[in-house]
Every structure is written in structure tokens, then in C-alpha cells.
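Dumped my_file-v9.cif below, it's mmCIF, C-alpha atoms:
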data_my_file
#
loop_
_atom_site.label_atom_id
_atom_site.label_comp_id
_atom_site.auth_asym_id
_atom_site.auth_seq_id
_atom_site.Cartn_x
_atom_site.Cartn_y
_atom_site.Cartn_z
CA MET A 1347 -6.73 -13.52 -3.87
CA ASP A 1348 -8.18 -10.01 -4.02
CA ASP A 1349 -6.20 -6.75 -4.25
CA ASN A 1350 -6.57 -5.99 -0.54
CA GLU A 1351 -5.16 -9.38 0.42
CA LYS A 1352 -2.24 -9.11 -2.03
CA LEU A 1353 -1.41 -5.68 -0.65
CA ARG A 1354 -1.71 -6.81 2.98
CA ARG A 1355 0.57 -9.79 2.39
CA PHE A 1356 3.14 -7.61 0.63
CA ILE A 1357 3.17 -5.02 3.41
CA LEU A 1358 3.47 -7.67 6.13
CA SER A 1359 6.22 -9.64 4.38
CA GLU A 1360 8.23 -6.96 2.57
CA VAL A 1361 7.57 -3.57 4.16
CA CYS A 1362 7.31 -4.28 7.88
CA PRO A 1363 8.21 -7.92 8.59
CA GLU A 1364 9.91 -6.87 11.83
CA ALA A 1365 6.52 -5.89 13.26
CA GLY A 1366 5.66 -9.58 13.59
CA LEU A 1367 2.03 -9.04 12.60
CA ASN A 1368 -0.05 -11.82 11.05
CA ASP A 1369 -2.72 -9.58 9.53
CA LEU A 1370 -3.72 -5.98 8.89
CA SER A 1371 -7.23 -4.59 8.71
CA ASP A 1372 -8.20 -2.27 5.88
CA ASP A 1373 -8.29 0.65 8.32
CA GLU A 1374 -5.10 -0.12 10.29
CA PRO A 1375 -3.00 3.07 10.38
CA LEU A 1376 0.20 2.38 8.46
CA ILE A 1377 2.17 5.62 8.55
CA SER A 1378 1.02 7.13 11.83
CA SER A 1379 1.65 3.80 13.61
CA GLY A 1380 5.18 3.60 12.22
CA LEU A 1381 4.55 0.39 10.27
CA VAL A 1382 5.34 2.16 6.98
CA ASP A 1383 7.97 4.85 6.49
CA SER A 1384 9.19 6.66 3.38
CA LEU A 1385 11.20 3.63 2.21
CA GLY A 1386 8.08 1.53 2.73
CA ILE A 1387 6.11 3.90 0.51
CA LEU A 1388 8.72 3.43 -2.23
CA LYS A 1389 8.46 -0.35 -1.87
CA ILE A 1390 4.67 -0.14 -2.09
CA LEU A 1391 4.90 2.06 -5.21
CA SER A 1392 7.18 -0.49 -6.85
CA PHE A 1393 4.80 -3.30 -5.86
CA LEU A 1394 1.82 -1.41 -7.35
CA ASP A 1395 3.72 -1.02 -10.61
CA ASP A 1396 4.84 -4.67 -10.72
CA GLU A 1397 1.67 -6.33 -9.46
CA PHE A 1398 -1.06 -4.12 -10.91
CA ASN A 1399 0.81 -2.41 -13.75
CA ILE A 1400 -0.14 1.05 -12.55
CA ASN A 1401 2.05 4.09 -12.08
CA ILE A 1402 1.04 6.53 -9.38
CA ALA A 1403 1.41 10.19 -10.35
CA SER A 1404 3.74 12.23 -8.17
CA ASP A 1405 0.88 14.44 -6.97
CA GLU A 1406 -0.88 11.32 -5.64
CA ILE A 1407 2.07 10.32 -3.46
CA LYS A 1408 0.86 11.83 -0.22
CA HIS A 1409 0.11 10.66 3.29
CA ASP A 1410 -3.66 10.46 2.79
CA ASN A 1411 -3.35 7.98 -0.08
CA PHE A 1412 -1.04 5.63 1.85
CA SER A 1413 -2.45 5.90 5.35
CA THR A 1414 -4.22 2.49 5.34
CA VAL A 1415 -4.60 -0.61 3.18
CA GLY A 1416 -8.05 0.69 2.28
CA THR A 1417 -6.79 4.06 1.03
CA ILE A 1418 -4.08 2.36 -1.04
CA CYS A 1419 -6.69 0.04 -2.58
CA THR A 1420 -8.82 3.08 -3.42
CA LEU A 1421 -5.76 4.52 -5.16
CA ILE A 1422 -5.31 1.25 -7.10
CA GLU A 1423 -8.92 1.33 -8.29
CA LYS A 1424 -8.75 5.01 -9.20
CA ASN A 1425 -5.65 4.44 -11.34
CA ARG A 1426 -7.09 1.32 -12.98
CA ASN A 1427 -10.21 3.23 -13.96
CA ALA A 1428 -8.14 6.11 -15.29
CA GLY A 1429 -6.18 3.83 -17.61
#

Is it possible to give me this structure as C-alpha cells?
Amino acid sequence: MDDNEKLRRFILSEVCPEAGLNDLSDDEPLISSGLVDSLGILKILSFLDDEFNINIASDEIKHDNFSTVGTICTLIEKNRNAG
């Protein structure tokens, strides 16, 4: 399972299970659609630390980096390459 799929499954099952969605595209708006709120961002940050062993710097915790699955995966890759 690739990073995008792991992230999608986590978001669907742990961050917004009440949405009743079966899948998310890489460009599905997460924050602006209301699927992910500030608590959801914290859950995603914890997941990124646990699953990928990366810590996101506080200056990277902004709307643009968490707006879609694709932008979060870009953040994962950026932090992997930095480490």
C-alpha cells in the first residue's frame, strides 16, 4: 500500500468516519469541505509521526499543506528527503 492510500484510509476511518465516504481523491478538498478540522489536523500529524516517523515543523502546519491528500503526501516526501 502506498503513502497516499495509507493516508486516505486513515482520514476516512479516523478523521472523518461520519462522512460515510468510501474513497478520497488526491485533490479532494479536506479543510474547505469540512471533512478535516483542527482536531483532524492534530490526528493527521500524530499519524504522520507514527506511520512515517516524521515530525512536521510548526511553520509547516498551515492550511496549504493540509488542504488535500496530495498536499499532505507532498509534505511527507519533503520531510523524508530532509531527514

| request: List the neighbours of Phe1356 of chain A out to 12 Å using all atoms listed in the file; skip same-chain residues closer than 2 positions along the sequence, and give me the result as a VMD selection string. | output: chain A and resid 1349 to 1354 1358 to 1363 1368 to 1370 1382 1386 to 1387 1389 to 1394 1396 to 1397 1415

Give me a file of those residues, with C-alpha atoms, as a compact mmCIF listing (two decimals), in the frame of the given file.
# COMPACT_ATOMS: atom_id res chain seq x y z
CA ASP A 1349 -6.20 -6.75 -4.25
CA ASN A 1350 -6.57 -5.99 -0.54
CA GLU A 1351 -5.16 -9.38 0.42
CA LYS A 1352 -2.24 -9.11 -2.03
CA LEU A 1353 -1.41 -5.68 -0.65
CA ARG A 1354 -1.71 -6.81 2.98
CA LEU A 1358 3.47 -7.67 6.13
CA SER A 1359 6.22 -9.64 4.38
CA GLU A 1360 8.23 -6.96 2.57
CA VAL A 1361 7.57 -3.57 4.16
CA CYS A 1362 7.31 -4.28 7.88
CA PRO A 1363 8.21 -7.92 8.59
CA ASN A 1368 -0.05 -11.82 11.05
CA ASP A 1369 -2.72 -9.58 9.53
CA LEU A 1370 -3.72 -5.98 8.89
CA VAL A 1382 5.34 2.16 6.98
CA GLY A 1386 8.08 1.53 2.73
CA ILE A 1387 6.11 3.90 0.51
CA LYS A 1389 8.46 -0.35 -1.87
CA ILE A 1390 4.67 -0.14 -2.09
CA LEU A 1391 4.90 2.06 -5.21
CA SER A 1392 7.18 -0.49 -6.85
CA PHE A 1393 4.80 -3.30 -5.86
CA LEU A 1394 1.82 -1.41 -7.35
CA ASP A 1396 4.84 -4.67 -10.72
CA GLU A 1397 1.67 -6.33 -9.46
CA VAL A 1415 -4.60 -0.61 3.18

| task | Have a look at A:Cys1419, A:Asp1372, A:Leu1381, A:Phe1412 and name the one nearest to Phe1398 of chain A; count all atoms listed in the file. | result | A:Cys1419

| request: Would you mind listing what lies within 12 Å of Ser1379 of chain A as a PyMOL selection string, with all atoms listed in the file counted and same-chain residues fewer than 6 positions away left out? | output: chain A and resi 1362+1365+1373+1413-1414

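Between atom CA of Glu1364 of chain A and atom CA of Ser1378 of chain A the separation is 16.6 Å.
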
| Using only C-alpha atoms, can you list as a list in words the residues within 9 Å of (-4.6, 0.7, -11.8)? | Leu1394, Asp1395, Phe1398, Asn1399, Ile1400, Asn1401, Ile1402, Leu1421, Ile1422, Glu1423, Lys1424, Asn1425, Arg1426, Asn1427, Ala1428 and Gly1429 of chain A

| Point-to-point distance in Å for atom CA of Arg1355 of chain A and atom CA of Ala1403 of chain A |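 Atom CA of Arg1355 of chain A lies 23.7 Å from atom CA of Ala1403 of chain A.
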
| By how many Å are atom CA of Glu1406 of chain A and atom CA of Gly1366 of chain A apart? |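 Straight-line distance from atom CA of Glu1406 of chain A to atom CA of Gly1366 of chain A works out to 29.1 Å.
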
| field | Minimum-distance residue to Ile1407 of chain A, chosen among A:Leu1376, A:Ile1357, A:Ser1384, A:Asp1348 (using all atoms listed in the file) | value | A:Ser1384

| Which of these residues is nearest to Pro1375 of chain A, using only C-alpha atoms: A:Leu1388, A:Ser1404, A:Met1347, A:His1409? |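 Ranked by minimum distance to Pro1375 of chain A, first place goes to A:His1409.
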